[in-house]
file upload36.pdb (PDB, C-alpha atoms and all ligand atoms)
MODEL        1
ATOM      1  CA  MET J 253     126.773 148.931 -23.114
ATOM      2  CA  ASP J 254     124.062 146.737 -21.524
ATOM      3  CA  PRO J 255     124.199 146.378 -17.728
ATOM      4  CA  LYS J 256     125.803 143.133 -16.634
ATOM      5  CA  PRO J 257     123.416 140.438 -15.396
ATOM      6  CA  LEU J 258     123.796 139.630 -11.716
ATOM      7  CA  LEU J 259     122.626 136.492  -9.945
ATOM      8  CA  LEU J 260     121.673 136.457  -6.254
ATOM      9  CA  VAL J 261     122.197 133.084  -4.585
ATOM     10  CA  THR J 262     120.755 132.741  -1.096
ATOM     11  CA  GLY J 263     122.748 130.466   1.188
ATOM     12  CA  GLY J 264     125.701 130.766  -1.169
ATOM     13  CA  SER J 265     128.409 130.264   1.419
ATOM     14  CA  ARG J 266     128.663 126.479   1.059
ATOM     15  CA  GLY J 267     127.178 123.326  -0.445
ATOM     16  CA  ILE J 268     124.835 123.604  -3.441
ATOM     17  CA  GLY J 269     124.673 127.418  -3.222
ATOM     18  CA  ALA J 270     128.460 127.797  -3.377
ATOM     19  CA  ALA J 271     128.699 125.315  -6.267
ATOM     20  CA  THR J 272     126.000 127.290  -8.103
ATOM     21  CA  ALA J 273     127.849 130.569  -7.566
ATOM     22  CA  ARG J 274     131.099 129.072  -8.938
ATOM     23  CA  LEU J 275     129.450 127.550 -12.023
ATOM     24  CA  ALA J 276     127.344 130.643 -12.741
ATOM     25  CA  ALA J 277     130.469 132.816 -12.547
ATOM     26  CA  ALA J 278     132.234 130.506 -14.985
ATOM     27  CA  GLN J 279     129.291 131.003 -17.347
ATOM     28  CA  GLY J 280     129.396 134.801 -17.186
ATOM     29  CA  TRP J 281     127.199 135.861 -14.281
ATOM     30  CA  ASP J 282     128.202 138.429 -11.696
ATOM     31  CA  LEU J 283     127.248 137.218  -8.233
ATOM     32  CA  ALA J 284     125.656 138.359  -5.004
ATOM     33  CA  ILE J 285     126.213 135.725  -2.346
ATOM     34  CA  ASN J 286     123.847 135.725   0.604
ATOM     35  CA  TYR J 287     124.680 133.959   3.855
ATOM     36  CA  ALA J 288     123.244 133.807   7.367
ATOM     37  CA  ARG J 289     126.179 133.296   9.725
ATOM     38  CA  ASP J 290     129.436 132.296   8.059
ATOM     39  CA  GLU J 291     130.864 135.503   6.584
ATOM     40  CA  ALA J 292     134.318 134.004   6.038
ATOM     41  CA  ALA J 293     132.893 131.131   3.981
ATOM     42  CA  ALA J 294     130.808 133.547   1.869
ATOM     43  CA  GLU J 295     133.863 135.766   1.298
ATOM     44  CA  ALA J 296     135.902 132.727   0.230
ATOM     45  CA  VAL J 297     133.262 131.871  -2.403
ATOM     46  CA  ALA J 298     133.221 135.526  -3.523
ATOM     47  CA  ASP J 299     137.023 135.417  -3.934
ATOM     48  CA  GLU J 300     136.684 132.334  -6.157
ATOM     49  CA  VAL J 301     134.112 134.188  -8.282
ATOM     50  CA  ARG J 302     136.468 137.174  -8.618
ATOM     51  CA  THR J 303     139.281 134.833  -9.647
ATOM     52  CA  LEU J 304     137.017 133.795 -12.538
ATOM     53  CA  GLY J 305     136.900 137.456 -13.595
ATOM     54  CA  ARG J 306     133.376 138.213 -12.376
ATOM     55  CA  ARG J 307     132.082 140.743  -9.852
ATOM     56  CA  ALA J 308     131.050 139.341  -6.467
ATOM     57  CA  LEU J 309     129.532 140.840  -3.356
ATOM     58  CA  THR J 310     128.399 139.191  -0.140
ATOM     59  CA  LEU J 311     125.155 140.017   1.655
ATOM     60  CA  CYS J 312     124.334 138.897   5.193
ATOM     61  CA  ALA J 313     120.620 138.322   5.819
ATOM     62  CA  ASP J 314     118.390 135.753   7.450
ATOM     63  CA  VAL J 315     115.938 135.004   4.626
ATOM     64  CA  ALA J 316     113.259 134.187   7.197
ATOM     65  CA  ASP J 317     113.287 137.796   8.435
ATOM     66  CA  GLU J 318     111.298 140.133   6.180
ATOM     67  CA  GLY J 319     113.135 143.236   7.379
ATOM     68  CA  GLN J 320     116.505 141.651   6.636
ATOM     69  CA  VAL J 321     115.326 140.501   3.201
ATOM     70  CA  ARG J 322     114.117 144.021   2.339
ATOM     71  CA  ALA J 323     117.402 145.499   3.572
ATOM     72  CA  MET J 324     119.415 142.968   1.563
ATOM     73  CA  PHE J 325     117.620 143.860  -1.673
ATOM     74  CA  ALA J 326     117.943 147.592  -0.921
ATOM     75  CA  THR J 327     121.700 147.152  -0.460
ATOM     76  CA  LEU J 328     121.806 145.187  -3.699
ATOM     77  CA  ASP J 329     119.908 147.986  -5.509
ATOM     78  CA  ARG J 330     122.476 150.532  -4.347
ATOM     79  CA  GLN J 331     125.426 148.345  -5.324
ATOM     80  CA  LEU J 332     123.925 147.692  -8.759
ATOM     81  CA  GLN J 333     123.305 151.407  -9.308
ATOM     82  CA  ASP J 334     126.929 152.162  -8.454
ATOM     83  CA  GLY J 335     128.357 149.261 -10.463
ATOM     84  CA  GLY J 336     126.038 149.360 -13.473
ATOM     85  CA  GLY J 337     124.609 145.853 -13.042
ATOM     86  CA  LEU J 338     121.112 144.425 -13.239
ATOM     87  CA  LEU J 339     119.464 141.751 -11.112
ATOM     88  CA  ALA J 340     118.554 139.046 -13.651
ATOM     89  CA  GLY J 341     118.549 135.875 -11.583
ATOM     90  CA  LEU J 342     117.672 134.542  -8.131
ATOM     91  CA  VAL J 343     118.448 131.115  -6.715
ATOM     92  CA  ASN J 344     116.386 130.472  -3.593
ATOM     93  CA  ASN J 345     118.837 127.977  -2.155
ATOM     94  CA  ALA J 346     118.974 128.806   1.583
ATOM     95  CA  GLY J 347     117.363 125.929   3.441
ATOM     96  CA  VAL J 348     117.570 123.896   6.607
ATOM     97  CA  VAL J 349     116.697 120.489   7.989
ATOM     98  CA  ASP J 350     116.423 119.538  11.654
ATOM     99  CA  VAL J 351     117.261 116.468  13.696
ATOM    100  CA  ALA J 352     115.389 113.273  12.840
ATOM    101  CA  ALA J 353     112.073 113.145  14.684
ATOM    102  CA  ARG J 354     108.516 111.905  14.396
ATOM    103  CA  VAL J 355     105.766 114.488  13.944
ATOM    104  CA  ASP J 356     104.405 113.640  17.415
ATOM    105  CA  GLU J 357     107.771 114.747  18.845
ATOM    106  CA  MET J 358     108.087 118.089  16.995
ATOM    107  CA  SER J 359     107.820 121.405  18.828
ATOM    108  CA  GLY J 360     105.924 124.370  17.455
ATOM    109  CA  ALA J 361     109.162 126.346  17.385
ATOM    110  CA  ARG J 362     110.732 123.726  15.132
ATOM    111  CA  LEU J 363     107.791 123.863  12.710
ATOM    112  CA  GLN J 364     107.880 127.682  12.666
ATOM    113  CA  ARG J 365     111.608 127.719  11.833
ATOM    114  CA  MET J 366     111.232 125.014   9.187
ATOM    115  CA  PHE J 367     108.596 126.955   7.292
ATOM    116  CA  ALA J 368     110.041 130.408   8.030
ATOM    117  CA  ILE J 369     113.354 129.623   6.317
ATOM    118  CA  ASN J 370     112.406 127.063   3.656
ATOM    119  CA  VAL J 371     109.027 128.469   2.575
ATOM    120  CA  PHE J 372     108.613 132.099   3.663
ATOM    121  CA  GLY J 373     112.291 132.879   2.950
ATOM    122  CA  THR J 374     111.827 131.573  -0.577
ATOM    123  CA  MET J 375     108.596 133.518  -1.059
ATOM    124  CA  LEU J 376     109.957 136.781   0.369
ATOM    125  CA  CYS J 377     113.072 136.710  -1.806
ATOM    126  CA  ALA J 378     111.010 135.768  -4.874
ATOM    127  CA  ARG J 379     108.660 138.677  -4.171
ATOM    128  CA  GLU J 380     111.535 141.156  -4.016
ATOM    129  CA  ALA J 381     113.079 139.698  -7.191
ATOM    130  CA  VAL J 382     109.791 139.889  -9.122
ATOM    131  CA  ARG J 383     109.377 143.523  -8.045
ATOM    132  CA  ARG J 384     112.713 144.224  -9.743
ATOM    133  CA  MET J 385     112.724 141.817 -12.710
ATOM    134  CA  SER J 386     109.096 141.727 -13.926
ATOM    135  CA  GLN J 387     108.267 143.827 -16.981
ATOM    136  CA  ARG J 388     105.064 144.731 -15.110
ATOM    137  CA  HIS J 389     107.292 146.700 -12.746
ATOM    138  CA  GLY J 390     109.512 148.137 -15.500
ATOM    139  CA  GLY J 391     112.114 145.392 -15.169
ATOM    140  CA  ALA J 392     113.966 143.604 -17.945
ATOM    141  CA  GLY J 393     112.869 140.054 -17.036
ATOM    142  CA  GLY J 394     114.838 137.312 -15.369
ATOM    143  CA  ALA J 395     114.795 133.807 -13.947
ATOM    144  CA  ILE J 396     114.216 132.308 -10.508
ATOM    145  CA  VAL J 397     115.206 128.810  -9.418
ATOM    146  CA  ASN J 398     113.882 127.444  -6.127
ATOM    147  CA  LEU J 399     115.562 124.577  -4.276
ATOM    148  CA  SER J 400     113.034 121.952  -3.349
ATOM    149  CA  SER J 401     113.855 118.336  -2.448
ATOM    150  CA  VAL J 402     112.714 114.860  -3.484
ATOM    151  CA  ALA J 403     111.617 114.721   0.149
ATOM    152  CA  SER J 404     108.477 116.491  -1.139
ATOM    153  CA  THR J 405     107.584 113.307  -3.042
ATOM    154  CA  LEU J 406     108.727 110.846  -0.343
ATOM    155  CA  GLY J 407     107.359 112.555   2.783
ATOM    156  CA  SER J 408     110.448 111.587   4.841
ATOM    157  CA  PRO J 409     108.624 109.621   7.582
ATOM    158  CA  GLY J 410     110.538 109.266  10.842
ATOM    159  CA  GLN J 411     113.144 111.778   9.597
ATOM    160  CA  TYR J 412     111.641 115.171   8.873
ATOM    161  CA  VAL J 413     108.087 115.206   7.579
ATOM    162  CA  ASP J 414     108.091 118.937   8.373
ATOM    163  CA  TYR J 415     110.959 119.518   5.926
ATOM    164  CA  ALA J 416     109.249 117.406   3.255
ATOM    165  CA  ALA J 417     106.020 119.365   3.724
ATOM    166  CA  ALA J 418     107.901 122.662   3.481
ATOM    167  CA  LYS J 419     109.501 121.544   0.216
ATOM    168  CA  GLY J 420     106.058 120.504  -1.032
ATOM    169  CA  ALA J 421     105.028 124.105  -0.486
ATOM    170  CA  VAL J 422     108.064 125.226  -2.504
ATOM    171  CA  ASP J 423     106.940 122.989  -5.405
ATOM    172  CA  VAL J 424     103.444 124.492  -5.437
ATOM    173  CA  PHE J 425     104.759 128.029  -5.014
ATOM    174  CA  THR J 426     107.047 127.467  -8.006
ATOM    175  CA  VAL J 427     104.195 126.391 -10.291
ATOM    176  CA  GLY J 428     101.880 129.191  -9.152
ATOM    177  CA  LEU J 429     104.413 131.995  -9.355
ATOM    178  CA  ALA J 430     105.662 130.726 -12.713
ATOM    179  CA  ARG J 431     102.181 131.025 -14.210
ATOM    180  CA  GLU J 432     101.590 134.391 -12.528
ATOM    181  CA  VAL J 433     104.639 136.054 -14.077
ATOM    182  CA  ALA J 434     105.077 134.014 -17.282
ATOM    183  CA  ALA J 435     103.915 136.884 -19.498
ATOM    184  CA  GLU J 436     106.123 139.384 -17.652
ATOM    185  CA  GLY J 437     109.526 138.067 -18.747
ATOM    186  CA  VAL J 438     110.208 136.097 -15.568
ATOM    187  CA  ARG J 439     110.668 132.311 -15.575
ATOM    188  CA  VAL J 440     110.345 130.372 -12.318
ATOM    189  CA  ASN J 441     111.481 126.763 -11.908
ATOM    190  CA  ALA J 442     112.535 124.404  -9.141
ATOM    191  CA  VAL J 443     115.210 121.775  -8.747
ATOM    192  CA  ARG J 444     114.504 118.797  -6.510
ATOM    193  CA  PRO J 445     117.808 117.275  -5.371
ATOM    194  CA  GLY J 446     118.016 113.786  -3.931
ATOM    195  CA  VAL J 447     120.685 112.909  -1.375
ATOM    196  CA  ILE J 448     123.602 115.269  -1.992
ATOM    197  CA  ASP J 449     126.928 115.209  -0.167
ATOM    198  CA  THR J 450     126.919 118.541   1.703
ATOM    199  CA  GLU J 451     127.084 119.737   5.308
ATOM    200  CA  ILE J 452     123.291 119.911   5.601
ATOM    201  CA  HIS J 453     123.220 116.333   6.914
ATOM    202  CA  ALA J 454     125.647 117.164   9.747
ATOM    203  CA  SER J 455     123.474 120.162  10.616
ATOM    204  CA  GLY J 456     120.638 117.670  11.142
ATOM    205  CA  GLY J 457     122.831 115.565  13.442
ATOM    206  CA  GLN J 458     123.637 112.924  10.764
ATOM    207  CA  PRO J 459     127.083 113.750   9.323
ATOM    208  CA  GLY J 460     127.427 110.395   7.553
ATOM    209  CA  ARG J 461     123.876 110.319   6.151
ATOM    210  CA  ALA J 462     124.697 110.837   2.455
ATOM    211  CA  PHE J 463     127.111 107.905   2.263
ATOM    212  CA  ARG J 464     125.153 105.744   4.714
ATOM    213  CA  LEU J 465     122.156 105.945   2.365
ATOM    214  CA  ALA J 466     124.263 105.185  -0.744
ATOM    215  CA  PRO J 467     123.352 101.462  -0.958
ATOM    216  CA  THR J 468     119.644 102.412  -0.938
ATOM    217  CA  LEU J 469     119.980 104.891  -3.826
ATOM    218  CA  PRO J 470     119.417 103.807  -7.439
ATOM    219  CA  MET J 471     122.878 105.023  -8.471
ATOM    220  CA  GLN J 472     124.403 103.593  -5.268
ATOM    221  CA  ARG J 473     125.984 106.967  -4.469
ATOM    222  CA  PRO J 474     124.991 110.423  -3.240
ATOM    223  CA  GLY J 475     125.057 113.311  -5.683
ATOM    224  CA  ARG J 476     127.564 116.140  -5.670
ATOM    225  CA  ALA J 477     126.744 119.811  -5.236
ATOM    226  CA  ASP J 478     128.212 120.609  -8.651
ATOM    227  CA  GLU J 479     125.831 118.102 -10.286
ATOM    228  CA  VAL J 480     122.873 120.009  -8.854
ATOM    229  CA  ALA J 481     124.441 123.336  -9.846
ATOM    230  CA  GLN J 482     124.512 122.223 -13.499
ATOM    231  CA  ALA J 483     120.718 121.908 -13.517
ATOM    232  CA  ILE J 484     120.213 125.211 -11.690
ATOM    233  CA  VAL J 485     122.489 127.185 -14.002
ATOM    234  CA  TRP J 486     120.842 125.641 -17.073
ATOM    235  CA  LEU J 487     117.399 126.686 -15.802
ATOM    236  CA  LEU J 488     118.732 130.234 -15.329
ATOM    237  CA  SER J 489     120.188 130.362 -18.828
ATOM    238  CA  PRO J 490     118.628 131.423 -22.158
ATOM    239  CA  ALA J 491     118.911 127.735 -23.163
ATOM    240  CA  ALA J 492     115.872 127.192 -20.892
ATOM    241  CA  SER J 493     113.926 130.079 -22.469
ATOM    242  CA  TYR J 494     110.675 128.056 -22.861
ATOM    243  CA  THR J 495     110.949 126.266 -19.513
ATOM    244  CA  THR J 496     108.885 127.687 -16.681
ATOM    245  CA  GLY J 497     106.886 126.097 -13.875
ATOM    246  CA  ALA J 498     109.072 122.981 -14.143
ATOM    247  CA  VAL J 499     110.182 120.970 -11.133
ATOM    248  CA  LEU J 500     113.298 119.060 -12.159
ATOM    249  CA  ASP J 501     114.447 116.022 -10.161
ATOM    250  CA  VAL J 502     118.234 115.834  -9.795
ATOM    251  CA  SER J 503     118.154 112.798  -7.607
ATOM    252  CA  GLY J 504     120.005 109.965  -9.324
ATOM    253  CA  GLY J 505     116.660 108.256  -9.869
ATOM    254  CA  ARG J 506     115.531 108.373  -6.230
TER     255      ARG J 506
HETATM  256  P1  LIG T   1     124.047 123.496   3.445
HETATM  257  O1  LIG T   1     125.334 122.910   2.993
HETATM  258  O2  LIG T   1     123.583 123.243   4.840
HETATM  259  O3  LIG T   1     124.107 125.079   3.183
HETATM  260  C1  LIG T   1     123.005 125.862   3.557
HETATM  261  C2  LIG T   1     123.261 127.301   3.185
HETATM  262  O4  LIG T   1     122.094 128.031   3.552
HETATM  263  C3  LIG T   1     124.414 127.929   3.899
HETATM  264  O5  LIG T   1     125.061 128.801   3.003
HETATM  265  C4  LIG T   1     123.756 128.732   5.022
HETATM  266  O6  LIG T   1     124.468 129.894   5.382
HETATM  267  C5  LIG T   1     122.465 129.126   4.360
HETATM  268  N1  LIG T   1     121.385 129.426   5.286
HETATM  269  C6  LIG T   1     120.840 128.627   6.239
HETATM  270  N2  LIG T   1     119.847 129.265   6.875
HETATM  271  C7  LIG T   1     119.750 130.486   6.310
HETATM  272  C8  LIG T   1     118.932 131.612   6.520
HETATM  273  N3  LIG T   1     117.973 131.607   7.469
HETATM  274  N4  LIG T   1     119.132 132.717   5.767
HETATM  275  C9  LIG T   1     120.091 132.740   4.807
HETATM  276  N5  LIG T   1     120.904 131.704   4.562
HETATM  277  C10 LIG T   1     120.737 130.596   5.300
HETATM  278  O7  LIG T   1     122.844 123.034   2.486
HETATM  279  P2  LIG T   1     122.825 122.336   1.036
HETATM  280  O8  LIG T   1     122.863 120.863   1.217
HETATM  281  O9  LIG T   1     123.793 122.999   0.131
HETATM  282  O10 LIG T   1     121.323 122.664   0.607
HETATM  283  C11 LIG T   1     120.971 123.761  -0.225
HETATM  284  C12 LIG T   1     119.505 123.639  -0.593
HETATM  285  O11 LIG T   1     119.266 122.382  -1.241
HETATM  286  C13 LIG T   1     118.561 123.675   0.603
HETATM  287  O12 LIG T   1     117.394 124.383   0.263
HETATM  288  C14 LIG T   1     118.242 122.206   0.846
HETATM  289  O13 LIG T   1     117.001 122.025   1.488
HETATM  290  C15 LIG T   1     118.234 121.682  -0.579
HETATM  291  N6  LIG T   1     118.463 120.234  -0.651
HETATM  292  C16 LIG T   1     119.619 119.679  -0.206
HETATM  293  C17 LIG T   1     119.788 118.298  -0.272
HETATM  294  C18 LIG T   1     121.036 117.600   0.200
HETATM  295  O14 LIG T   1     121.022 116.355   0.311
HETATM  296  N7  LIG T   1     122.113 118.302   0.484
HETATM  297  C19 LIG T   1     118.757 117.506  -0.781
HETATM  298  C20 LIG T   1     117.581 118.113  -1.218
HETATM  299  C21 LIG T   1     117.455 119.481  -1.145
HETATM  300  P3  LIG T   1     125.377 130.021   6.742
HETATM  301  O15 LIG T   1     126.384 128.901   6.667
HETATM  302  O16 LIG T   1     125.984 131.365   6.682
HETATM  303  O17 LIG T   1     124.437 129.832   7.868
ENDMDL
END
call {"tool": "encode", "arguments": {"input": "upload36.pdb", "output": "structure tokens"}}
result
Amino acid sequence: MDPKPLLLVTGGSRGIGAATARLAAAQGWDLAINYARDEAAAEAVADEVRTLGRRALTLCADVADEGQVRAMFATLDRQLQDGGGLLAGLVNNAGVVDVAARVDEMSGARLQRMFAINVFGTMLCAREAVRRMSQRHGGAGGAIVNLSSVASTLGSPGQYVDYAAAKGAVDVFTVGLAREVAAEGVRVNAVRPGVIDTEIHASGGQPGRAFRLAPTLPMQRPGRADEVAQAIVWLLSPAASYTTGAVLDVSGGR
């Protein structure tokens, strides 16, 4: 019997990551759910996955910390050896914003954190996944989906230009890595959400942001996490077998 395909979702404890884990489980994936702080929330998502009849494990790691990323993948390797599974997908979803500020007000520490989590976290996890999935390394292939943002096309002036710039780096990384590993059985794509109703806005000090912006959005409403998850899970699936290096806007036209 072939080993069961497992999907690692970073930042899977809530929002878009949790919605992705639920939908992927419903479509047959086993799940590894990474989180940074909220173990109880990650365990609750894992329980939902198990209710759908799939295997789920939770992995605590700060994706910005290379040592923690290495340790997370090593733990995953051991669990997969014991359980007979195979890492076949990665969703680089963990990401952060910060409070609204102009660039001339931003500290160096803020910029370091913004890029450490959103850019280097994505690149470190992708590196570890490619080392396991690429046929060049003896792997069986797989798919990676990176979470960008339409902020990378808008620049987010007066809000978080640093975040927009970090997501711009994610777009370019997606295209470059996709071409690098295209002949090795690994597809790499990105999804660029618009304004989605999750807790990320509260974490940036603007809990009502998604609905406050609704009248300015083409569809007059924010998106839902499950609407973004649909695009992510499609990009992971064999239905997207000839799609790589794509950056897909899921932004309601924004
Ligand atoms: P969210 O609700 O704030 O959830 C963020 C998740 O990331 C949480 O599970 C959190 O885990 C985890 N996380 C944060 N820092 C981490 C770190 N250093 N290491 C590992 N995990 C970490 O965010 P969301 O709205 O679902 O956003 C998900 C992705 O979509 C992000 O990349 C975001 O930039 C992107 N996006 C969101 C929107 C939007 O409007 N919501 C728009 C465009 C793009 P803990 O709770 O355990 O800390």
call {"tool": "resolve_selection", "arguments": {"input": "upload36.pdb", "expression": "the PyMOL selection byres (((chain J and resi 271-273) around 10) and not hetatm)", "output": "ChimeraX atom specification"}}
result
/J:259-262,264-270,274-279,281-285,297-298,300-301,308,343,345,476-485
call {"tool": "resolve_selection", "arguments": {"input": "upload36.pdb", "expression": "the PyMOL selection byres (((not hetatm)) within 8 of (chain T and resi 1))", "output": "PyMOL selection string"}}
result
chain J and resi 262-270+286-291+293-294+312-317+344-349+369-370+373+398-403+415+419+444-453+455+462+474-475+477
call {"tool": "atom_distance", "arguments": {"input": "upload36.pdb", "atom1": "atom CA of J:Ala395", "atom2": "atom CA of J:Thr426"}}
result
11.6 Å
call {"tool": "closest_residue", "arguments": {"input": "upload36.pdb", "among": "J:Met366, J:Leu328, J:Ala296, J:Val443", "to": "J:Val397", "atoms": "only C-alpha atoms"}}
result
J:Val443
call {"tool": "closest_residue", "arguments": {"input": "upload36.pdb", "among": "J:Arg388, J:Lys256, J:Arg431, J:Arg461", "to": "J:Gly335", "atoms": "only C-alpha atoms"}}
result
J:Lys256
call {"tool": "atom_distance", "arguments": {"input": "upload36.pdb", "atom1": "atom CA of J:Phe425", "atom2": "atom CA of J:Thr374"}}
result
9.1 Å
call {"tool": "axis_aligned_box", "arguments": {"input": "upload36.pdb", "around": "stretch 329-345 of chain J", "padding_each_side": "5 Å", "output": "lines of an AutoDock Vina configuration file"}}
result
center_x = 122.4
center_y = 140.1
center_z = -7.9
size_x = 22.0
size_y = 34.2
size_z = 21.5
call {"tool": "decode", "arguments": {"input": "upload36.pdb", "residues": "stretch 290-298 of chain J", "atoms": "all heavy atoms", "output": "PDB file, in the first residue's frame"}}
result
ATOM      1  N   ASP J 290      -0.426  29.120  20.224  1.00  0.00           N
ATOM      2  CA  ASP J 290      -1.726  28.681  20.736  1.00  0.00           C
ATOM      3  C   ASP J 290      -1.932  27.180  20.520  1.00  0.00           C
ATOM      4  O   ASP J 290      -2.605  26.747  19.581  1.00  0.00           O
ATOM      5  CB  ASP J 290      -2.837  29.493  20.045  1.00  0.00           C
ATOM      6  CG  ASP J 290      -4.165  29.366  20.763  1.00  0.00           C
ATOM      7  OD1 ASP J 290      -4.325  28.437  21.587  1.00  0.00           O
ATOM      8  OD2 ASP J 290      -5.052  30.203  20.501  1.00  0.00           O
ATOM      9  N   GLU J 291      -1.365  26.393  21.457  1.00  0.00           N
ATOM     10  CA  GLU J 291      -1.439  24.932  21.339  1.00  0.00           C
ATOM     11  C   GLU J 291      -2.889  24.438  21.360  1.00  0.00           C
ATOM     12  O   GLU J 291      -3.258  23.551  20.576  1.00  0.00           O
ATOM     13  CB  GLU J 291      -0.651  24.279  22.490  1.00  0.00           C
ATOM     14  CG  GLU J 291      -0.650  22.771  22.410  1.00  0.00           C
ATOM     15  CD  GLU J 291       0.098  22.094  23.554  1.00  0.00           C
ATOM     16  OE1 GLU J 291       0.565  22.815  24.467  1.00  0.00           O
ATOM     17  OE2 GLU J 291       0.207  20.870  23.525  1.00  0.00           O
ATOM     18  N   ALA J 292      -3.696  25.035  22.235  1.00  0.00           N
ATOM     19  CA  ALA J 292      -5.085  24.570  22.363  1.00  0.00           C
ATOM     20  C   ALA J 292      -5.837  24.760  21.045  1.00  0.00           C
ATOM     21  O   ALA J 292      -6.604  23.885  20.615  1.00  0.00           O
ATOM     22  CB  ALA J 292      -5.787  25.318  23.499  1.00  0.00           C
ATOM     23  N   ALA J 293      -5.611  25.895  20.393  1.00  0.00           N
ATOM     24  CA  ALA J 293      -6.294  26.146  19.111  1.00  0.00           C
ATOM     25  C   ALA J 293      -5.826  25.148  18.052  1.00  0.00           C
ATOM     26  O   ALA J 293      -6.631  24.626  17.273  1.00  0.00           O
ATOM     27  CB  ALA J 293      -6.025  27.579  18.653  1.00  0.00           C
ATOM     28  N   ALA J 294      -4.517  24.860  18.023  1.00  0.00           N
ATOM     29  CA  ALA J 294      -3.997  23.886  17.047  1.00  0.00           C
ATOM     30  C   ALA J 294      -4.572  22.495  17.317  1.00  0.00           C
ATOM     31  O   ALA J 294      -4.947  21.765  16.382  1.00  0.00           O
ATOM     32  CB  ALA J 294      -2.468  23.855  17.103  1.00  0.00           C
ATOM     33  N   GLU J 295      -4.662  22.122  18.601  1.00  0.00           N
ATOM     34  CA  GLU J 295      -5.223  20.811  18.951  1.00  0.00           C
ATOM     35  C   GLU J 295      -6.693  20.723  18.565  1.00  0.00           C
ATOM     36  O   GLU J 295      -7.180  19.662  18.140  1.00  0.00           O
ATOM     37  CB  GLU J 295      -5.049  20.532  20.452  1.00  0.00           C
ATOM     38  CG  GLU J 295      -3.635  20.131  20.846  1.00  0.00           C
ATOM     39  CD  GLU J 295      -3.160  18.830  20.174  1.00  0.00           C
ATOM     40  OE1 GLU J 295      -4.002  18.011  19.753  1.00  0.00           O
ATOM     41  OE2 GLU J 295      -1.937  18.659  20.041  1.00  0.00           O
ATOM     42  N   ALA J 296      -7.418  21.837  18.697  1.00  0.00           N
ATOM     43  CA  ALA J 296      -8.842  21.837  18.326  1.00  0.00           C
ATOM     44  C   ALA J 296      -8.991  21.599  16.819  1.00  0.00           C
ATOM     45  O   ALA J 296      -9.877  20.850  16.383  1.00  0.00           O
ATOM     46  CB  ALA J 296      -9.495  23.159  18.736  1.00  0.00           C
ATOM     47  N   VAL J 297      -8.113  22.211  16.023  1.00  0.00           N
ATOM     48  CA  VAL J 297      -8.158  21.987  14.564  1.00  0.00           C
ATOM     49  C   VAL J 297      -7.801  20.525  14.264  1.00  0.00           C
ATOM     50  O   VAL J 297      -8.441  19.868  13.438  1.00  0.00           O
ATOM     51  CB  VAL J 297      -7.215  22.952  13.814  1.00  0.00           C
ATOM     52  CG1 VAL J 297      -7.207  22.647  12.319  1.00  0.00           C
ATOM     53  CG2 VAL J 297      -7.623  24.405  14.060  1.00  0.00           C
ATOM     54  N   ALA J 298      -6.790  20.004  14.976  1.00  0.00           N
ATOM     55  CA  ALA J 298      -6.390  18.604  14.770  1.00  0.00           C
ATOM     56  C   ALA J 298      -7.543  17.662  15.097  1.00  0.00           C
ATOM     57  O   ALA J 298      -7.777  16.670  14.386  1.00  0.00           O
ATOM     58  CB  ALA J 298      -5.164  18.280  15.632  1.00  0.00           C
TER      59      ALA J 298
END
